[in-house]
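Here's start_4.json, which has JSON, C-alpha atoms:
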[["chain", "number", "residue", "atom", "x", "y", "z"],
["A", 1, "MET", "CA", 23.09, -38.71, 25.13],
["A", 2, "ALA", "CA", 25.14, -35.61, 24.27],
["A", 3, "LYS", "CA", 23.52, -32.26, 24.91],
["A", 4, "ILE", "CA", 23.59, -29.67, 22.17],
["A", 5, "LYS", "CA", 24.17, -26.17, 23.54],
["A", 6, "ASN", "CA", 23.31, -24.11, 20.51],
["A", 7, "GLY", "CA", 20.41, -21.72, 20.65],
["A", 8, "LYS", "CA", 20.64, -21.29, 16.89],
["A", 9, "LEU", "CA", 19.06, -24.71, 16.48],
["A", 10, "HIS", "CA", 15.82, -23.03, 17.39],
["A", 11, "ARG", "CA", 14.04, -20.90, 14.80],
["A", 12, "LYS", "CA", 12.84, -17.46, 15.79],
["A", 13, "ASP", "CA", 9.39, -18.94, 16.46],
["A", 14, "GLY", "CA", 10.95, -21.36, 18.93],
["A", 15, "VAL", "CA", 10.67, -24.47, 16.77],
["A", 16, "TRP", "CA", 13.63, -26.89, 16.92],
["A", 17, "ASP", "CA", 15.46, -27.03, 13.60],
["A", 18, "PRO", "CA", 18.64, -29.10, 13.34],
["A", 19, "LEU", "CA", 19.16, -28.38, 9.64],
["A", 20, "LYS", "CA", 21.87, -25.97, 8.50],
["A", 21, "SER", "CA", 20.39, -22.58, 7.66],
["A", 22, "SER", "CA", 20.32, -21.10, 4.18],
["A", 23, "SER", "CA", 21.80, -17.85, 5.45],
["A", 24, "THR", "CA", 24.82, -19.70, 6.82],
["A", 25, "ASP", "CA", 25.47, -21.32, 3.46],
["A", 26, "ARG", "CA", 24.92, -17.99, 1.72],
["A", 27, "ASP", "CA", 27.64, -16.39, 3.85],
["A", 28, "GLN", "CA", 29.97, -19.36, 3.42],
["A", 29, "ALA", "CA", 29.61, -19.24, -0.35],
["A", 30, "GLU", "CA", 30.91, -15.67, -0.31],
["A", 31, "VAL", "CA", 34.30, -16.73, 1.04],
["A", 32, "ILE", "CA", 34.91, -19.81, -1.12],
["A", 33, "PRO", "CA", 38.23, -19.41, -3.02],
["A", 34, "LYS", "CA", 37.69, -17.94, -6.47],
["A", 35, "THR", "CA", 38.42, -20.41, -9.22],
["A", 36, "ALA", "CA", 37.12, -20.78, -12.74],
["A", 37, "GLN", "CA", 34.53, -23.18, -11.39],
["A", 38, "SER", "CA", 33.37, -21.24, -8.33],
["A", 39, "ALA", "CA", 33.25, -17.99, -10.33],
["A", 40, "SER", "CA", 30.87, -19.49, -12.88],
["A", 41, "PRO", "CA", 27.22, -18.29, -12.67],
["A", 42, "SER", "CA", 26.15, -21.93, -12.66],
["A", 43, "TYR", "CA", 27.86, -22.39, -9.28],
["A", 44, "ARG", "CA", 25.87, -19.69, -7.49],
["A", 45, "LEU", "CA", 23.34, -20.81, -4.93],
["A", 46, "ALA", "CA", 20.01, -20.57, -6.71],
["A", 47, "PHE", "CA", 18.31, -18.48, -4.03],
["A", 48, "VAL", "CA", 20.99, -15.74, -4.11],
["A", 49, "ASP", "CA", 21.51, -15.76, -7.89],
["A", 50, "THR", "CA", 19.77, -12.55, -8.94],
["A", 51, "ASP", "CA", 20.27, -13.20, -12.64],
["A", 52, "PHE", "CA", 18.51, -16.53, -12.24],
["A", 53, "LEU", "CA", 15.73, -15.03, -10.09],
["A", 54, "CYS", "CA", 15.15, -12.28, -12.67],
["A", 55, "SER", "CA", 14.87, -14.68, -15.58],
["A", 56, "GLU", "CA", 11.65, -14.86, -17.57],
["A", 57, "GLU", "CA", 10.98, -18.41, -16.40],
["A", 58, "LEU", "CA", 11.03, -17.33, -12.73],
["A", 59, "ARG", "CA", 8.22, -14.76, -13.06],
["A", 60, "PRO", "CA", 5.73, -16.95, -11.12],
["A", 61, "VAL", "CA", 8.24, -17.20, -8.27],
["A", 62, "ARG", "CA", 8.82, -13.43, -8.24],
["A", 63, "LEU", "CA", 5.07, -12.83, -8.07],
["A", 64, "GLN", "CA", 4.86, -15.15, -5.09],
["A", 65, "LEU", "CA", 7.82, -13.52, -3.36],
["A", 66, "GLU", "CA", 6.32, -10.03, -3.70],
["A", 67, "LEU", "CA", 3.06, -11.26, -2.22],
["A", 68, "LEU", "CA", 4.73, -13.18, 0.58],
["A", 69, "LYS", "CA", 7.35, -10.67, 1.76],
["A", 70, "THR", "CA", 4.93, -7.86, 2.56],
["A", 71, "GLU", "CA", 2.40, -10.28, 4.04],
["A", 72, "MET", "CA", 5.01, -11.74, 6.39],
["A", 73, "VAL", "CA", 6.17, -8.32, 7.61],
["A", 74, "LEU", "CA", 2.63, -7.03, 8.23],
["A", 75, "THR", "CA", 1.70, -10.25, 10.01],
["A", 76, "GLU", "CA", 4.81, -10.07, 12.22],
["A", 77, "ARG", "CA", 3.86, -6.48, 13.13],
["A", 78, "GLY", "CA", 0.35, -7.67, 14.05],
["A", 79, "ILE", "CA", -1.37, -5.30, 11.62],
["A", 80, "LYS", "CA", -4.93, -6.55, 11.20],
["A", 81, "SER", "CA", -6.67, -3.79, 9.23],
["A", 82, "THR", "CA", -5.83, -0.67, 7.26],
["A", 83, "VAL", "CA", -7.35, 2.50, 5.89],
["A", 84, "VAL", "CA", -6.15, 3.05, 2.33],
["A", 85, "MET", "CA", -5.48, 6.54, 1.02],
["A", 86, "PHE", "CA", -5.15, 7.12, -2.72],
["A", 87, "GLY", "CA", -4.60, 10.43, -4.51],
["A", 88, "GLY", "CA", -2.46, 12.48, -6.83],
["A", 89, "ALA", "CA", 1.32, 12.44, -6.46],
["A", 90, "ARG", "CA", 1.41, 15.85, -8.16],
["A", 91, "ILE", "CA", -0.66, 17.74, -5.57],
["A", 92, "PRO", "CA", 1.74, 19.97, -3.59],
["A", 93, "ALA", "CA", 1.67, 20.85, 0.09],
["A", 94, "PRO", "CA", 0.15, 24.30, 0.80],
["A", 95, "GLY", "CA", 2.61, 27.04, -0.06],
["A", 96, "MET", "CA", 4.78, 24.75, -2.16],
["A", 97, "PRO", "CA", 5.13, 25.09, -5.94],
["A", 98, "ALA", "CA", 3.31, 22.74, -8.31],
["A", 99, "TRP", "CA", 6.47, 20.93, -9.43],
["A", 100, "ALA", "CA", 4.62, 18.77, -11.97],
["A", 101, "ALA", "CA", 2.73, 21.57, -13.72],
["A", 102, "LYS", "CA", 3.35, 21.77, -17.47],
["A", 103, "ASN", "CA", 1.55, 25.08, -18.06],
["A", 104, "ASP", "CA", -0.07, 27.96, -16.17],
["A", 105, "VAL", "CA", -3.49, 26.30, -16.05],
["A", 106, "GLN", "CA", -2.09, 23.18, -14.46],
["A", 107, "LYS", "CA", -0.05, 25.29, -12.03],
["A", 108, "THR", "CA", -3.16, 27.15, -10.89],
["A", 109, "ASN", "CA", -5.23, 24.00, -10.52],
["A", 110, "LEU", "CA", -2.59, 21.96, -8.71],
["A", 111, "GLU", "CA", -1.71, 24.72, -6.27],
["A", 112, "ALA", "CA", -5.40, 25.23, -5.51],
["A", 113, "ALA", "CA", -5.65, 21.47, -4.94],
["A", 114, "SER", "CA", -3.18, 21.75, -2.06],
["A", 115, "VAL", "CA", -6.28, 21.95, 0.16],
["A", 116, "TYR", "CA", -6.55, 18.19, -0.40],
["A", 117, "TYR", "CA", -3.01, 17.72, 0.93],
["A", 118, "ASP", "CA", -4.15, 19.38, 4.15],
["A", 119, "GLU", "CA", -7.33, 17.33, 4.39],
["A", 120, "ALA", "CA", -5.44, 14.10, 3.71],
["A", 121, "ARG", "CA", -3.03, 14.99, 6.48],
["A", 122, "LYS", "CA", -5.89, 15.69, 8.90],
["A", 123, "PHE", "CA", -7.75, 12.53, 7.90],
["A", 124, "ALA", "CA", -4.65, 10.42, 8.52],
["A", 125, "ARG", "CA", -4.37, 11.90, 12.00],
["A", 126, "LEU", "CA", -7.97, 10.90, 12.72],
["A", 127, "CYS", "CA", -7.24, 7.36, 11.54],
["A", 128, "ALA", "CA", -4.11, 7.23, 13.66],
["A", 129, "GLU", "CA", -5.97, 8.38, 16.76],
["A", 130, "GLU", "CA", -8.45, 5.54, 16.26],
["A", 131, "ALA", "CA", -5.62, 3.09, 15.57],
["A", 132, "ALA", "CA", -4.03, 4.01, 18.90],
["A", 133, "LYS", "CA", -7.04, 2.47, 20.67],
["A", 134, "TYR", "CA", -6.01, -0.87, 19.18],
["A", 135, "ASP", "CA", -2.25, -0.56, 19.75],
["A", 136, "HIS", "CA", -1.89, 0.50, 16.11],
["A", 137, "ARG", "CA", -3.00, -2.89, 14.80],
["A", 138, "GLU", "CA", -6.30, -1.69, 13.34],
["A", 139, "TYR", "CA", -7.07, 1.26, 11.02],
["A", 140, "VAL", "CA", -3.40, 1.66, 10.08],
["A", 141, "VAL", "CA", -2.89, 4.23, 7.32],
["A", 142, "VAL", "CA", -1.50, 2.84, 4.06],
["A", 143, "THR", "CA", -0.55, 4.89, 1.00],
["A", 144, "GLY", "CA", 1.39, 4.38, -2.20],
["A", 145, "GLY", "CA", 4.42, 5.74, -0.38],
["A", 146, "GLY", "CA", 5.15, 8.55, -2.82],
["A", 147, "PRO", "CA", 4.71, 12.35, -2.81],
["A", 148, "GLY", "CA", 1.57, 14.49, -2.89],
["A", 149, "VAL", "CA", -1.52, 13.08, -1.21],
["A", 150, "MET", "CA", 0.43, 9.93, -0.33],
["A", 151, "GLU", "CA", 3.01, 11.96, 1.55],
["A", 152, "ALA", "CA", 0.23, 13.83, 3.34],
["A", 153, "GLY", "CA", -1.28, 10.56, 4.56],
["A", 154, "ASN", "CA", 1.97, 9.20, 5.95],
["A", 155, "ARG", "CA", 2.83, 12.62, 7.36],
["A", 156, "GLY", "CA", -0.44, 12.97, 9.26],
["A", 157, "ALA", "CA", 0.06, 9.59, 10.92],
["A", 158, "SER", "CA", 3.68, 10.36, 11.74],
["A", 159, "GLU", "CA", 2.76, 13.64, 13.40],
["A", 160, "VAL", "CA", 0.78, 11.84, 16.09],
["A", 161, "GLY", "CA", 3.39, 9.13, 16.58],
["A", 162, "ALA", "CA", 1.56, 6.42, 14.63],
["A", 163, "PRO", "CA", 3.12, 3.93, 12.21],
["A", 164, "SER", "CA", 1.98, 4.00, 8.58],
["A", 165, "ILE", "CA", 2.60, 1.84, 5.56],
["A", 166, "GLY", "CA", 3.99, 2.83, 2.17],
["A", 167, "LEU", "CA", 3.59, 0.53, -0.83],
["A", 168, "ASN", "CA", 5.97, 2.06, -3.35],
["A", 169, "ILE", "CA", 6.60, 0.86, -6.88],
["A", 170, "LEU", "CA", 9.49, 1.37, -9.28],
["A", 171, "LEU", "CA", 8.55, 4.12, -11.76],
["A", 172, "PRO", "CA", 10.53, 6.45, -14.01],
["A", 173, "HIS", "CA", 9.58, 9.29, -11.64],
["A", 174, "GLU", "CA", 8.32, 9.61, -8.05],
["A", 175, "GLN", "CA", 9.84, 6.29, -7.09],
["A", 176, "ALA", "CA", 11.56, 7.20, -3.80],
["A", 177, "PRO", "CA", 9.43, 6.67, -0.67],
["A", 178, "ASN", "CA", 8.44, 9.83, 1.17],
["A", 179, "GLU", "CA", 10.23, 10.53, 4.46],
["A", 180, "TYR", "CA", 7.12, 9.98, 6.61],
["A", 181, "VAL", "CA", 6.58, 6.29, 5.86],
["A", 182, "THR", "CA", 7.53, 4.12, 8.84],
["A", 183, "PRO", "CA", 10.90, 2.72, 7.68],
["A", 184, "ASP", "CA", 10.22, -0.94, 8.47],
["A", 185, "LEU", "CA", 6.79, -0.65, 6.84],
["A", 186, "SER", "CA", 8.18, 0.79, 3.60],
["A", 187, "PHE", "CA", 7.86, -1.67, 0.72],
["A", 188, "ASN", "CA", 8.89, -1.64, -2.91],
["A", 189, "PHE", "CA", 7.17, -3.49, -5.76],
["A", 190, "HIS", "CA", 7.82, -4.45, -9.34],
["A", 191, "TYR", "CA", 4.35, -5.87, -10.04],
["A", 192, "PHE", "CA", 1.36, -3.54, -9.96],
["A", 193, "ALA", "CA", -0.95, -6.53, -9.53],
["A", 194, "ILE", "CA", 0.65, -7.68, -6.26],
["A", 195, "ARG", "CA", 0.79, -4.11, -4.95],
["A", 196, "LYS", "CA", -2.95, -3.77, -5.65],
["A", 197, "MET", "CA", -3.63, -6.93, -3.67],
["A", 198, "HIS", "CA", -1.76, -5.60, -0.66],
["A", 199, "PHE", "CA", -3.71, -2.34, -0.76],
["A", 200, "LEU", "CA", -7.00, -4.20, -0.36],
["A", 201, "MET", "CA", -6.17, -7.37, 1.59],
["A", 202, "ARG", "CA", -6.57, -5.60, 4.97],
["A", 203, "ALA", "CA", -8.63, -2.57, 3.91],
["A", 204, "LYS", "CA", -11.49, -1.42, 6.16],
["A", 205, "ALA", "CA", -11.97, 1.73, 4.08],
["A", 206, "VAL", "CA", -10.62, 3.31, 0.91],
["A", 207, "VAL", "CA", -10.41, 7.09, 0.78],
["A", 208, "ILE", "CA", -9.61, 8.64, -2.58],
["A", 209, "PHE", "CA", -8.49, 12.19, -3.30],
["A", 210, "PRO", "CA", -8.23, 13.85, -6.73],
["A", 211, "GLY", "CA", -5.59, 12.22, -8.87],
["A", 212, "GLY", "CA", -4.67, 10.93, -12.30],
["A", 213, "PHE", "CA", -4.67, 7.61, -14.12],
["A", 214, "GLY", "CA", -3.20, 5.70, -11.19],
["A", 215, "THR", "CA", -5.81, 7.03, -8.78],
["A", 216, "LEU", "CA", -8.63, 6.27, -11.22],
["A", 217, "ASP", "CA", -7.23, 2.78, -11.72],
["A", 218, "GLU", "CA", -7.34, 2.09, -7.99],
["A", 219, "LEU", "CA", -10.84, 3.56, -7.63],
["A", 220, "PHE", "CA", -12.36, 1.37, -10.33],
["A", 221, "GLU", "CA", -10.41, -1.69, -9.21],
["A", 222, "CYS", "CA", -11.85, -1.37, -5.72],
["A", 223, "VAL", "CA", -15.41, -0.55, -6.76],
["A", 224, "THR", "CA", -15.45, -3.38, -9.30],
["A", 225, "LEU", "CA", -14.39, -5.91, -6.67],
["A", 226, "ILE", "CA", -17.14, -4.70, -4.34],
["A", 227, "GLN", "CA", -19.77, -4.53, -7.11],
["A", 228, "THR", "CA", -18.99, -8.09, -8.20],
["A", 229, "LYS", "CA", -18.86, -9.26, -4.57],
["A", 230, "ARG", "CA", -15.26, -10.37, -4.91],
["A", 231, "MET", "CA", -14.63, -8.46, -1.68],
["A", 232, "ALA", "CA", -16.84, -7.35, 1.17],
["A", 233, "ARG", "CA", -18.44, -3.95, 0.97],
["A", 234, "ILE", "CA", -16.36, -1.30, 2.70],
["A", 235, "PRO", "CA", -16.65, 2.49, 2.68],
["A", 236, "VAL", "CA", -15.28, 4.08, -0.51],
["A", 237, "VAL", "CA", -15.01, 7.81, 0.10],
["A", 238, "LEU", "CA", -14.22, 10.32, -2.65],
["A", 239, "PHE", "CA", -12.84, 13.68, -1.58],
["A", 240, "GLY", "CA", -14.02, 16.66, -3.61],
["A", 241, "GLU", "CA", -17.43, 15.89, -5.12],
["A", 242, "LYS", "CA", -17.15, 18.67, -7.70],
["A", 243, "PHE", "CA", -13.87, 17.26, -9.02],
["A", 244, "TRP", "CA", -15.21, 13.72, -9.32],
["A", 245, "HIS", "CA", -18.43, 14.70, -11.05],
["A", 246, "SER", "CA", -16.45, 16.89, -13.46],
["A", 247, "ILE", "CA", -14.34, 13.98, -14.71],
["A", 248, "ILE", "CA", -16.70, 11.00, -14.33],
["A", 249, "ASN", "CA", -20.41, 10.97, -15.08],
["A", 250, "PHE", "CA", -21.40, 8.31, -12.56],
["A", 251, "GLN", "CA", -25.10, 9.06, -12.98],
["A", 252, "GLY", "CA", -24.67, 8.80, -16.75],
["A", 253, "LEU", "CA", -23.44, 5.23, -16.33],
["A", 254, "ALA", "CA", -26.51, 4.40, -14.25],
["A", 255, "ASP", "CA", -28.88, 6.14, -16.67],
["A", 256, "PHE", "CA", -27.36, 4.32, -19.62],
["A", 257, "GLY", "CA", -27.71, 1.03, -17.80],
["A", 258, "THR", "CA", -24.07, -0.06, -17.73],
["A", 259, "ILE", "CA", -24.17, -0.04, -13.93],
["A", 260, "ALA", "CA", -27.16, -0.69, -11.67],
["A", 261, "PRO", "CA", -28.81, 2.30, -9.99],
["A", 262, "GLU", "CA", -27.91, 0.85, -6.57],
["A", 263, "ASP", "CA", -24.23, 0.79, -7.57],
["A", 264, "MET", "CA", -24.25, 4.54, -6.99],
["A", 265, "GLU", "CA", -24.61, 3.76, -3.29],
["A", 266, "LEU", "CA", -21.13, 2.21, -3.25],
["A", 267, "LEU", "CA", -19.63, 5.71, -3.38],
["A", 268, "HIS", "CA", -19.59, 8.37, -0.67],
["A", 269, "PHE", "CA", -18.41, 11.96, -1.05],
["A", 270, "ALA", "CA", -16.67, 14.18, 1.50],
["A", 271, "GLU", "CA", -15.11, 17.63, 1.57],
["A", 272, "THR", "CA", -13.38, 17.52, 4.93],
["A", 273, "ALA", "CA", -11.40, 15.03, 6.97],
["A", 274, "GLU", "CA", -14.08, 15.01, 9.63],
["A", 275, "GLN", "CA", -16.82, 14.18, 7.13],
["A", 276, "ALA", "CA", -14.76, 11.34, 5.70],
["A", 277, "TRP", "CA", -13.97, 9.87, 9.11],
["A", 278, "ASP", "CA", -17.65, 10.06, 10.12],
["A", 279, "ILE", "CA", -18.52, 7.97, 7.05],
["A", 280, "VAL", "CA", -15.92, 5.35, 7.98],
["A", 281, "ALA", "CA", -16.78, 5.30, 11.69],
["A", 282, "SER", "CA", -20.53, 5.07, 11.12],
["A", 283, "PHE", "CA", -20.08, 2.11, 8.78],
["A", 284, "TYR", "CA", -18.78, -0.08, 11.60],
["A", 285, "GLU", "CA", -20.51, -0.86, 14.89],
["A", 286, "PRO", "CA", -18.93, 0.81, 17.92],
["A", 287, "ASP", "CA", -16.04, -1.13, 19.45],
["A", 288, "THR", "CA", -15.91, -3.62, 16.57],
["A", 289, "VAL", "CA", -12.98, -4.04, 14.24]]
Represent the structure from my file as structure tokens, please.
Amino acid sequence: MAKIKNGKLHRKDGVWDPLKSSSTDRDQAEVIPKTAQSASPSYRLAFVDTDFLCSEELRPVRLQLELLKTEMVLTERGIKSTVVMFGGARIPAPGMPAWAAKNDVQKTNLEAASVYYDEARKFARLCAEEAAKYDHREYVVVTGGGPGVMEAGNRGASEVGAPSIGLNILLPHEQAPNEYVTPDLSFNFHYFAIRKMHFLMRAKAVVIFPGGFGTLDELFECVTLIQTKRMARIPVVLFGEKFWHSIINFQGLADFGTIAPEDMELLHFAETAEQAWDIVASFYEPDTV
């Protein structure tokens, strides 16, 4: 029997695979002589035909691909759990101008809110120090990958040499990932729904700083899933109790009866990074993940 001396017949997981790879055919298709037939869109390999993949009929496939790509990368990196950090993209770092302010009142408020940038940065460092005990496979910081509080979270992890995840999404503004996201853990999404799933699929805690519609959306998404027992109860920590009570009357919801009184216990409040980390750490038994 002839011996095949071709390591490429083994997949990266070591499984024998004698079939020709898709990537080989993809590359070969690029050098086929250009004729009227080969230049036709119908001749493109389906899996590299972006026009075909972006068609309305392929939406279910695109949803699946967005779910699968990020999942595969995180699994390959061995990341088992995360700490999610949400918060306003418009909150500047201390000493930096409020670039998103539309008037003097907003400028004053946003620049005062830079304290949350600092606390987010400190909190991310605390998470990263805990993650180091597990070879950065547990308690990995994940943010939306953008500016403001998100940047602070990725920055804090980066400053202590820890990897962190950024789940970016294409928007008219703020769409470039911040420079502190670990490059091979920087993801980009088209579908908000799939991005939301990835925020929570590995979450051991969700920590939320002052923010706008997007931040509120993520807060209520998470609390609703916990309230309805669609996900396990995890710590949900809100930074800045005064801010949160000024924009949402949580007790009013309970008093009116549209949430149960015990639903108030799903929320924790913190003012400092240390307070927030204590809430997360005390929720889990020592040495358990």
Worksheet entry | Non-local contacts of range 268-278 of chain A (8 Å; only C-alpha atoms; under 2 positions in same chain excluded) as a PyMOL selection string | chain A and resi 119-120+122-123+126-127+207+235-241+265-266+280-282
Write the residues of the selection above to a file with C-alpha atoms, as a PDB file, keeping the file's coordinate frame.
ATOM      1  CA  GLU A 119      -7.330  17.330   4.390  1.00  0.00           C
ATOM      2  CA  ALA A 120      -5.440  14.100   3.710  1.00  0.00           C
ATOM      3  CA  LYS A 122      -5.890  15.690   8.900  1.00  0.00           C
ATOM      4  CA  PHE A 123      -7.750  12.530   7.900  1.00  0.00           C
ATOM      5  CA  LEU A 126      -7.970  10.900  12.720  1.00  0.00           C
ATOM      6  CA  CYS A 127      -7.240   7.360  11.540  1.00  0.00           C
ATOM      7  CA  VAL A 207     -10.410   7.090   0.780  1.00  0.00           C
ATOM      8  CA  PRO A 235     -16.650   2.490   2.680  1.00  0.00           C
ATOM      9  CA  VAL A 236     -15.280   4.080  -0.510  1.00  0.00           C
ATOM     10  CA  VAL A 237     -15.010   7.810   0.100  1.00  0.00           C
ATOM     11  CA  LEU A 238     -14.220  10.320  -2.650  1.00  0.00           C
ATOM     12  CA  PHE A 239     -12.840  13.680  -1.580  1.00  0.00           C
ATOM     13  CA  GLY A 240     -14.020  16.660  -3.610  1.00  0.00           C
ATOM     14  CA  GLU A 241     -17.430  15.890  -5.120  1.00  0.00           C
ATOM     15  CA  GLU A 265     -24.610   3.760  -3.290  1.00  0.00           C
ATOM     16  CA  LEU A 266     -21.130   2.210  -3.250  1.00  0.00           C
ATOM     17  CA  VAL A 280     -15.920   5.350   7.980  1.00  0.00           C
ATOM     18  CA  ALA A 281     -16.780   5.300  11.690  1.00  0.00           C
ATOM     19  CA  SER A 282     -20.530   5.070  11.120  1.00  0.00           C
TER      20      SER A 282
END
Worksheet item: Interatomic distance between CA of Arg125 in chain A and CA of Glu179 in chain A?
Response: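 Taking CA of Arg125 in chain A as the start and CA of Glu179 in chain A as the end point, the length is 16.5 Å.
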Item to complete: Could you jot down the CA of Gly144 in chain A to CA of Ala98 in chain A separation for me, Å, one decimal place?
Response: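 CA of Ala98 in chain A lies 19.4 Å from CA of Gly144 in chain A.
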Item to complete: Name the residues in contact with Ala46 in chain A at a cut-off of 12 Å, using all atoms listed in the file, excluding same-chain residues fewer than 6 positions from it; report them as a VMD selection string.
Response: chain A and resid 22 25 to 26 29 52 to 55 58
Draw an axis-aligned box tight on the listed atoms of range 256-261 of chain A, then pad every side by 3 Å and write out centre and edge lengths in Å to one decimal as JSON.
{"center_x": -26.4, "center_y": 1.8, "center_z": -14.8, "size_x": 10.7, "size_y": 11.0, "size_z": 15.6}
Response to the item:
In terms of all atoms listed in the file, the residue from A:Ala132, A:Ile247, A:Met85, A:Leu267 at minimal distance from Phe213 in chain A is A:Ile247
Discussion item. Which residues are close to Arg121 in chain A, i.e. within 9 Å by only C-alpha atoms, leaving aside same-chain residues fewer than 4 positions away? Reply as a ChimeraX atom specification.
Written reply: /A:116-117,125-126,149,151-157,273
Worksheet entry | Residues near Pro261 in chain A, cut-off 12 Å, all atoms listed in the file, skip fewer than 4 positions along chain, as a list in words | Gln227, Phe250, Gln251, Gly252, Leu253, Ala254, Asp255, Phe256, Gly257, Glu265, Leu266 and Leu267 of chain A
Worksheet item: Using all atoms listed in the file, which residue out of A:Ser158, A:Ala36, A:Phe209, A:Leu171 lies closest to Val115 in chain A?
Response: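 Distance minimum relative to Val115 in chain A lands on A:Phe209.
CA of Leu216 in chain A sits 28.1 Å away from CA of Glu159 in chain A.
The smallest atom-to-atom distance between Lys242 in chain A and any of A:Pro210, A:Gly87, A:Pro147, A:Pro92, using all atoms listed in the file, is found for A:Pro210.
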Fill in: Neighbour residues at most 6 Å from (-8.0, 3.9, 7.0) (all atoms listed in the file) as a PyMOL selection string
chain A and resi 82-84+127+139-141+205
Kindly assemble as a tab-separated table a list of the range 198-247 of chain A residues that lie within 12 Å of range 189-193 of chain A, each paired with its nearest atom pair and their distance in Å to one decimal, using all atoms listed in the file, sorted first by chain and then by ascending residue number.
residue	atom	partner	partner_atom	distance
A:His198	CA	A:Ala193	CA	9.0
A:Phe199	CA	A:Ala193	CA	10.1
A:Leu200	CA	A:Ala193	CA	11.2
A:Gly214	CA	A:Phe192	CA	10.4
A:Asp217	CA	A:Phe192	CA	10.8
A:Glu218	CA	A:Phe192	CA	10.5
A:Glu221	CA	A:Ala193	CA	10.6
